[in-house]
Each structure stands twice: as structure tokens, then as C-alpha cells.
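model_29.txt follows; it contains compact mmCIF, C-alpha atoms.
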```
# COMPACT_ATOMS: atom_id res chain seq x y z
CA MET V 1 84.78 -16.54 -31.92
CA THR V 2 83.66 -15.35 -28.54
CA VAL V 3 83.44 -17.94 -25.83
CA PHE V 4 81.29 -17.24 -22.75
CA CYS V 5 82.11 -18.89 -19.49
CA LYS V 6 79.20 -20.01 -17.30
CA LYS V 7 79.57 -16.96 -15.06
CA THR V 8 79.34 -14.55 -18.00
CA TYR V 9 76.41 -16.47 -19.50
CA PHE V 10 74.32 -16.32 -16.33
CA ARG V 11 75.13 -12.63 -15.91
CA VAL V 12 73.82 -11.88 -19.41
CA CYS V 13 70.69 -14.02 -18.93
CA PHE V 14 69.92 -12.42 -15.58
CA ARG V 15 70.23 -8.94 -17.11
CA HIS V 16 67.70 -9.82 -19.85
CA ILE V 17 65.24 -11.30 -17.34
CA ALA V 18 65.66 -8.74 -14.58
CA MET V 19 65.11 -5.68 -16.77
CA PRO V 20 61.47 -6.52 -17.78
CA ILE V 21 60.63 -7.48 -14.19
CA ALA V 22 61.96 -4.15 -12.94
CA VAL V 23 59.85 -2.33 -15.53
CA VAL V 24 56.72 -4.21 -14.38
CA PHE V 25 57.31 -3.34 -10.73
CA PHE V 26 57.89 0.29 -11.67
CA LEU V 27 54.62 0.46 -13.59
CA LEU V 28 52.68 -1.16 -10.76
CA ARG V 29 53.99 1.46 -8.35
CA ALA V 30 53.46 4.32 -10.81
CA VAL V 31 49.79 3.41 -11.51
CA PRO V 32 48.11 2.94 -8.10
CA CYS V 33 44.63 1.49 -7.65
CA THR V 34 42.20 4.37 -8.02
CA ALA V 35 39.61 3.04 -5.57
CA GLN V 36 42.18 2.71 -2.80
CA ASN V 37 43.50 6.25 -3.20
CA LEU V 38 40.22 8.13 -3.49
CA SER V 39 38.96 9.88 -0.39
CA ASP V 40 35.47 9.14 0.87
CA ASN V 41 34.28 12.52 -0.44
CA GLU V 42 35.60 11.64 -3.89
CA LEU V 43 33.90 8.24 -3.72
CA LEU V 44 30.64 9.91 -2.77
CA GLY V 45 31.01 12.30 -5.70
CA ASN V 46 31.53 9.34 -8.02
CA ALA V 47 28.47 7.57 -6.63
CA ILE V 48 26.30 10.65 -7.19
CA GLU V 49 27.67 11.06 -10.71
CA TYR V 50 26.87 7.43 -11.52
CA PHE V 51 23.41 7.85 -10.01
CA GLN V 52 22.60 10.95 -12.02
CA SER V 53 23.78 9.14 -15.16
CA ASN V 54 21.30 6.30 -14.43
CA LYS V 55 24.17 3.88 -13.73
CA TYR V 56 22.43 2.55 -10.66
CA HIS V 57 24.48 -0.63 -10.26
CA GLU V 58 27.79 1.24 -10.18
CA ALA V 59 26.37 3.87 -7.85
CA LEU V 60 25.01 1.23 -5.49
CA ILE V 61 28.38 -0.51 -5.17
CA ILE V 62 29.96 2.73 -3.92
CA PHE V 63 27.02 3.67 -1.67
CA GLU V 64 27.19 0.24 -0.02
CA LYS V 65 30.91 0.64 0.53
CA LEU V 66 30.43 4.06 2.14
CA GLU V 67 27.52 2.83 4.24
CA ARG V 68 29.75 0.26 5.91
CA SER V 69 31.95 2.98 7.39
CA HIS V 70 29.67 6.04 7.57
CA LYS V 71 26.14 7.01 8.53
CA LEU V 72 24.68 8.29 5.27
CA ASN V 73 22.21 11.15 5.29
CA PRO V 74 18.52 10.49 4.42
CA ARG V 75 18.84 11.65 0.81
CA TYR V 76 21.60 9.14 0.08
CA ILE V 77 19.55 6.43 1.80
CA ALA V 78 16.70 7.31 -0.56
CA TYR V 79 19.15 7.19 -3.48
CA MET V 80 20.05 3.65 -2.42
CA GLY V 81 16.35 2.79 -2.36
CA LEU V 82 16.06 3.95 -5.97
CA CYS V 83 19.15 1.96 -6.91
CA TYR V 84 17.76 -1.20 -5.31
CA TYR V 85 14.47 -0.63 -7.16
CA HIS V 86 16.27 -0.43 -10.51
CA GLU V 87 18.23 -3.56 -9.54
CA TRP V 88 14.88 -5.32 -8.88
CA SER V 89 15.79 -5.78 -5.20
CA PHE V 90 12.35 -4.66 -4.12
CA GLN V 91 12.55 -5.82 -0.50
CA LYS V 92 15.69 -3.78 0.07
CA ALA V 93 14.21 -0.83 -1.81
CA CYS V 94 11.22 -0.80 0.55
CA LYS V 95 13.46 -0.98 3.61
CA TYR V 96 15.63 1.94 2.53
CA PHE V 97 12.66 4.08 1.51
CA GLU V 98 10.87 3.41 4.79
CA ASP V 99 14.02 4.47 6.66
CA ALA V 100 14.53 7.64 4.63
CA LEU V 101 11.03 9.00 3.92
CA PRO V 102 10.13 10.18 7.46
CA GLN V 103 13.28 12.34 7.43
CA LEU V 104 12.66 14.05 4.08
CA ASN V 105 9.82 16.42 4.98
CA LEU V 106 11.90 19.53 4.23
CA PHE V 107 12.82 18.35 0.75
CA SER V 108 11.07 19.63 -2.39
CA PRO V 109 7.60 18.17 -3.04
CA HIS V 110 8.47 16.61 -6.37
CA GLU V 111 11.62 14.94 -5.10
CA ARG V 112 9.60 13.39 -2.29
CA SER V 113 6.95 12.31 -4.82
CA VAL V 114 9.61 10.34 -6.70
CA TYR V 115 10.64 8.48 -3.55
CA GLN V 116 7.04 7.87 -2.45
CA PHE V 117 5.99 6.62 -5.86
CA THR V 118 8.99 4.32 -6.23
CA CYS V 119 8.41 2.93 -2.75
CA GLY V 120 4.83 2.21 -3.80
CA GLU V 121 6.08 0.57 -6.98
CA SER V 122 8.43 -1.64 -4.95
CA TYR V 123 5.59 -2.87 -2.74
CA PHE V 124 3.41 -3.25 -5.85
CA ALA V 125 6.06 -5.47 -7.47
CA LEU V 126 5.99 -7.62 -4.32
CA GLU V 127 2.16 -7.76 -4.60
CA GLU V 128 1.84 -6.05 -1.21
CA TYR V 129 -0.88 -3.73 -2.42
CA GLU V 130 -2.06 -2.54 0.98
CA LYS V 131 1.43 -1.27 1.78
CA ALA V 132 1.80 0.29 -1.66
CA PHE V 133 -1.47 2.24 -1.41
CA PRO V 134 -0.48 4.94 1.16
CA HIS V 135 2.75 5.68 -0.72
CA TYR V 136 0.81 6.24 -3.94
CA GLU V 137 -1.55 8.55 -2.02
CA GLU V 138 1.40 10.57 -0.70
CA ALA V 139 2.93 10.77 -4.17
CA LEU V 140 -0.39 11.99 -5.57
CA ASN V 141 -0.31 15.01 -3.27
CA LEU V 142 3.25 15.93 -4.31
CA CYS V 143 3.61 15.10 -8.01
CA TYR V 144 3.01 17.09 -11.19
CA ASP V 145 -0.35 16.91 -12.95
CA ASN V 146 1.09 14.99 -15.91
CA GLU V 147 2.13 12.21 -13.49
CA LYS V 148 -1.25 11.82 -11.79
CA GLY V 149 -2.64 9.50 -14.46
CA ASP V 150 -0.04 6.88 -13.55
CA ILE V 151 -0.71 7.19 -9.83
CA TYR V 152 -4.49 7.09 -10.12
CA PHE V 153 -4.09 3.97 -12.27
CA ARG V 154 -1.99 2.29 -9.58
CA LEU V 155 -4.47 3.31 -6.87
CA GLY V 156 -7.29 1.84 -8.93
CA TYR V 157 -5.27 -1.31 -9.46
CA CYS V 158 -4.72 -1.72 -5.72
CA CYS V 159 -8.47 -1.30 -5.10
CA VAL V 160 -9.26 -3.95 -7.72
CA ASN V 161 -7.04 -6.38 -5.86
CA ALA V 162 -8.81 -5.46 -2.62
CA GLU V 163 -12.20 -5.88 -4.39
CA LYS V 164 -13.16 -2.30 -3.53
CA TRP V 165 -15.03 -1.84 -6.77
CA GLN V 166 -16.46 1.66 -6.30
CA GLU V 167 -13.10 3.11 -5.26
CA ALA V 168 -11.38 1.27 -8.09
CA TYR V 169 -13.94 2.67 -10.56
CA ASP V 170 -13.40 6.22 -9.26
CA TYR V 171 -9.61 6.04 -9.39
CA LEU V 172 -9.53 4.46 -12.85
CA THR V 173 -11.94 7.08 -14.17
CA LYS V 174 -9.69 9.85 -12.84
CA SER V 175 -6.67 8.12 -14.33
CA ARG V 176 -8.35 8.12 -17.72
CA GLN V 177 -9.21 11.82 -17.40
CA PHE V 178 -5.65 12.82 -16.49
CA TYR V 179 -4.15 10.73 -19.28
CA LEU V 180 -6.47 12.36 -21.82
CA SER V 181 -5.80 15.89 -20.60
CA HIS V 182 -2.05 15.64 -19.97
CA ARG V 183 -0.51 12.66 -21.79
CA ASN V 184 -2.79 11.70 -24.66
CA THR V 185 -0.14 10.05 -26.87
CA ASP V 186 -0.02 7.00 -29.13
CA GLY V 187 2.24 5.27 -26.59
CA LEU V 188 -0.63 5.16 -24.11
CA LYS V 189 -3.20 3.49 -26.34
CA ALA V 190 -2.64 0.07 -24.75
CA ARG V 191 -2.90 1.54 -21.26
CA MET V 192 -6.12 3.38 -22.17
CA ARG V 193 -7.67 0.16 -23.51
CA GLN V 194 -6.67 -1.59 -20.30
CA ILE V 195 -8.26 1.16 -18.19
CA ASP V 196 -11.48 1.00 -20.24
CA ASN V 197 -11.68 -2.76 -19.75
CA MET V 198 -11.03 -2.45 -16.02
CA ILE V 199 -13.71 0.23 -15.68
CA ILE V 200 -16.21 -2.06 -17.43
CA GLY V 201 -15.19 -4.86 -15.07
CA CYS V 202 -15.69 -2.62 -12.04
CA GLU V 203 -19.10 -1.53 -13.29
CA ALA V 204 -20.10 -5.18 -13.53
CA MET V 205 -19.22 -5.67 -9.88
CA LEU V 206 -21.12 -2.63 -8.57
CA PRO V 207 -24.63 -3.04 -7.11
CA LYS V 208 -27.47 -2.63 -9.59
CA ASP V 209 -30.33 -0.17 -9.13
CA ALA V 210 -32.98 -0.91 -6.52
CA GLU V 211 -35.46 -2.44 -8.98
CA SER V 212 -33.02 -4.92 -10.48
CA THR V 213 -31.45 -5.94 -7.18
CA GLN V 214 -34.80 -7.17 -5.85
CA SER V 215 -35.07 -9.78 -8.57
CA GLU V 216 -31.46 -10.96 -8.37
CA PRO V 217 -29.70 -12.95 -5.65
CA ASP V 218 -27.46 -10.89 -3.41
CA VAL V 219 -24.31 -12.65 -4.62
CA LEU V 220 -21.47 -10.98 -6.45
CA PRO V 221 -20.23 -12.71 -9.61
CA ASP V 222 -16.64 -13.79 -10.10
CA VAL V 223 -14.09 -11.15 -11.01
CA PRO V 224 -14.15 -10.69 -14.79
CA LYS V 225 -10.96 -11.46 -16.66
CA SER V 226 -10.75 -7.86 -17.79
CA VAL V 227 -10.02 -6.84 -14.19
CA THR V 228 -7.21 -9.34 -13.72
CA PRO V 229 -4.02 -7.39 -12.84
CA GLU V 230 -1.43 -7.08 -15.57
CA VAL V 231 2.10 -8.43 -15.26
CA LYS V 232 4.57 -5.59 -14.77
CA ASN V 233 6.47 -4.93 -18.00
CA GLU V 234 9.66 -2.91 -17.74
CA ASN V 235 9.30 -1.87 -21.39
CA ALA V 236 5.74 -0.61 -21.01
CA SER V 237 4.95 3.06 -20.60
CA GLU V 238 5.57 3.81 -16.97
CA PRO V 239 5.98 6.84 -14.76
CA ASN V 240 9.27 8.61 -14.97
CA VAL V 241 11.18 8.00 -11.75
CA SER V 242 14.21 9.99 -12.78
CA MET V 243 15.73 12.12 -10.07
CA PRO V 244 15.29 15.90 -9.96
```

As C-alpha cells - that is how I would like this structure written.
Amino acid sequence: MTVFCKKTYFRVCFRHIAMPIAVVFFLLRAVPCTAQNLSDNELLGNAIEYFQSNKYHEALIIFEKLERSHKLNPRYIAYMGLCYYHEWSFQKACKYFEDALPQLNLFSPHERSVYQFTCGESYFALEEYEKAFPHYEEALNLCYDNEKGDIYFRLGYCCVNAEKWQEAYDYLTKSRQFYLSHRNTDGLKARMRQIDNMIIGCEAMLPKDAESTQSEPDVLPDVPKSVTPEVKNENASEPNVSMP
């Protein structure tokens, strides 16, 4: 029978405890933290890759980290605006777009249309329709024809909220025409019904012909329910704001 003295016993126990601890420390040193060892250029590459994969939250985390130590160029500022929009941080989205857009004049028209439209959408979500309107107008001059139906609809919507009935009628009519000629799909049936109802509502608010107006009081009726703005639905058919 083998008899261990206390000294031998503690030596054996220490060897069994110390070996796993040593292995753990070795593994911690052998597998460094990726984020700490990546250069800023590599981090930027990761952010762009996340962004192009529509992983806006992950991209935004890296962009914010880089922004704390670097002055980002206007395109990356616009990227952050798009990320904030997809994160529903509309106030921040507007701020970043307003900072970036004046510096993007040399960029391709369609890329600028994406930023202008999304800036308009951010103001629209905040119900700041007057601020949204000029961004939609800019986007309209830069976008593709198959995107104009969406923009004319938003312009008409803004005019409805401003009670500019003739302008609203004109924009909504153009929206309907562009939808029919460029995107006449089953997915747009609900939108087309909404446009038709809004056009009818606008017609009801327009002045009548000279003969009828003489016999009627010069008072506009209340806004019909059909013109009441819709609640934004993320699952509804909306313009594609994917990056070029």
C-alpha cells in the first residue's frame, strides 16, 4: 500500500489543478479578440460588408466606433443615415443625411436619389411633411422611372397634409399613371385603391364651377376620411432603398 505524506499529496493536487489553468491561459493568449486586433481599414471593410448585406445594426456599430476617432467621408455619413433610418432612429437619420447630401453632388444620380428619398422618408415618419417635400422633389429628378410612382405618391401625401388640394390631386394622378405604366402588379392593388380614394377626396375639396359656386357658401367642407393619411407599414409595398 502506498502512503502519501502531506507534501506529496499537495504536490499531486497542485499538478492536477495547475495543468487545466495553464491550458486556459494558453488558449486565451492564442485566440485574441478580433475587434481589438483589426486595423481601422479592416473595420471599415467589415462595416461596408455588413451594410451591403443589409445588416444595418452591425454596420452602424462599427461606423459609430470609427466616427469617434476619424472624420468619415460624406458617403459613409450617408451610409450611417441609411442605417439610422433602418433602425427607426429618424431624427439621427435626418441629421446625417443633411450633413452628407450637400457634399454628394459628384456622386451618381441614382445613388443620390436613394439618399434624398430616404431623408424624405425619415422626415415623413416624423410627420415633418414640409421638410420631407424638397427631398422628395430632389429624388424625383434623380430616380428611375419605375420609382417615380412612389415619390409622386409621397408628394401628393404631403400636399394633402398641407391642404393643397390641387397640387395633391396632380401628384396623386401622376403617381397612378406611373404605377400603371411601370409597376402594375397585384402587390400594388391596395396602394392603387388608396390613391383612387385620395383623388376622390381631393376632387371634393376643389372649387366647383362658376355656376355652382354662386349658389353655395364659400366654405370648404371637412377633410373626407378617404384623405386621412395612412399609418406607415413596414410590410407594405414601399420604394426600394437598397444601395447601388

V:Asn46, V:Ala132, V:Lys71, V:Leu38 ranked by distance to Asn161 in chain V, top pick (using all atoms listed in the file): V:Ala132

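In terms of minimum interatomic distance to Leu104 in chain V, V:Tyr76 ranks closest within V:Tyr76, V:Phe117, V:Phe63, V:Tyr85, counting all atoms listed in the file.
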
Which residues are close to Glu121 in chain V, i.e. within 12 Å by all atoms listed in the file, leaving aside same-chain residues fewer than 3 positions away? Reply as a PyMOL selection string. chain V and resi 81-82+84-86+88-91+93-94+97+113-118+124-136+139+150-151+153-155+157-158+232+234+238-241

Pairwise distance, CA of Cys83 in chain V with CA of Ser175 in chain V, equals 27.6 Å

In Å to one decimal, how far is CA of Gly156 in chain V from CA of Glu137 in chain V?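 Distance between the two atoms: 11.2 Å.
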
Set the distance at 10 Å and use all atoms listed in the file: which residues neighbour range 177-185 of chain V once local chain neighbours fewer than 3 positions away are removed? I'd like the list as an MDAnalysis selection string. chainID V and resid 145:150 152:153 171:174 188:189 191:192

Glu58 in chain V: which residues within 12 Å, counting all atoms listed in the file, same-chain residues fewer than 2 positions away excluded, as a count of residues only? 24

Just the number, please: distance in Å from CA of His110 in chain V to CA of Arg176 in chain V, one decimal.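 Result for CA of His110 in chain V versus CA of Arg176 in chain V: 22.0 Å, one decimal.
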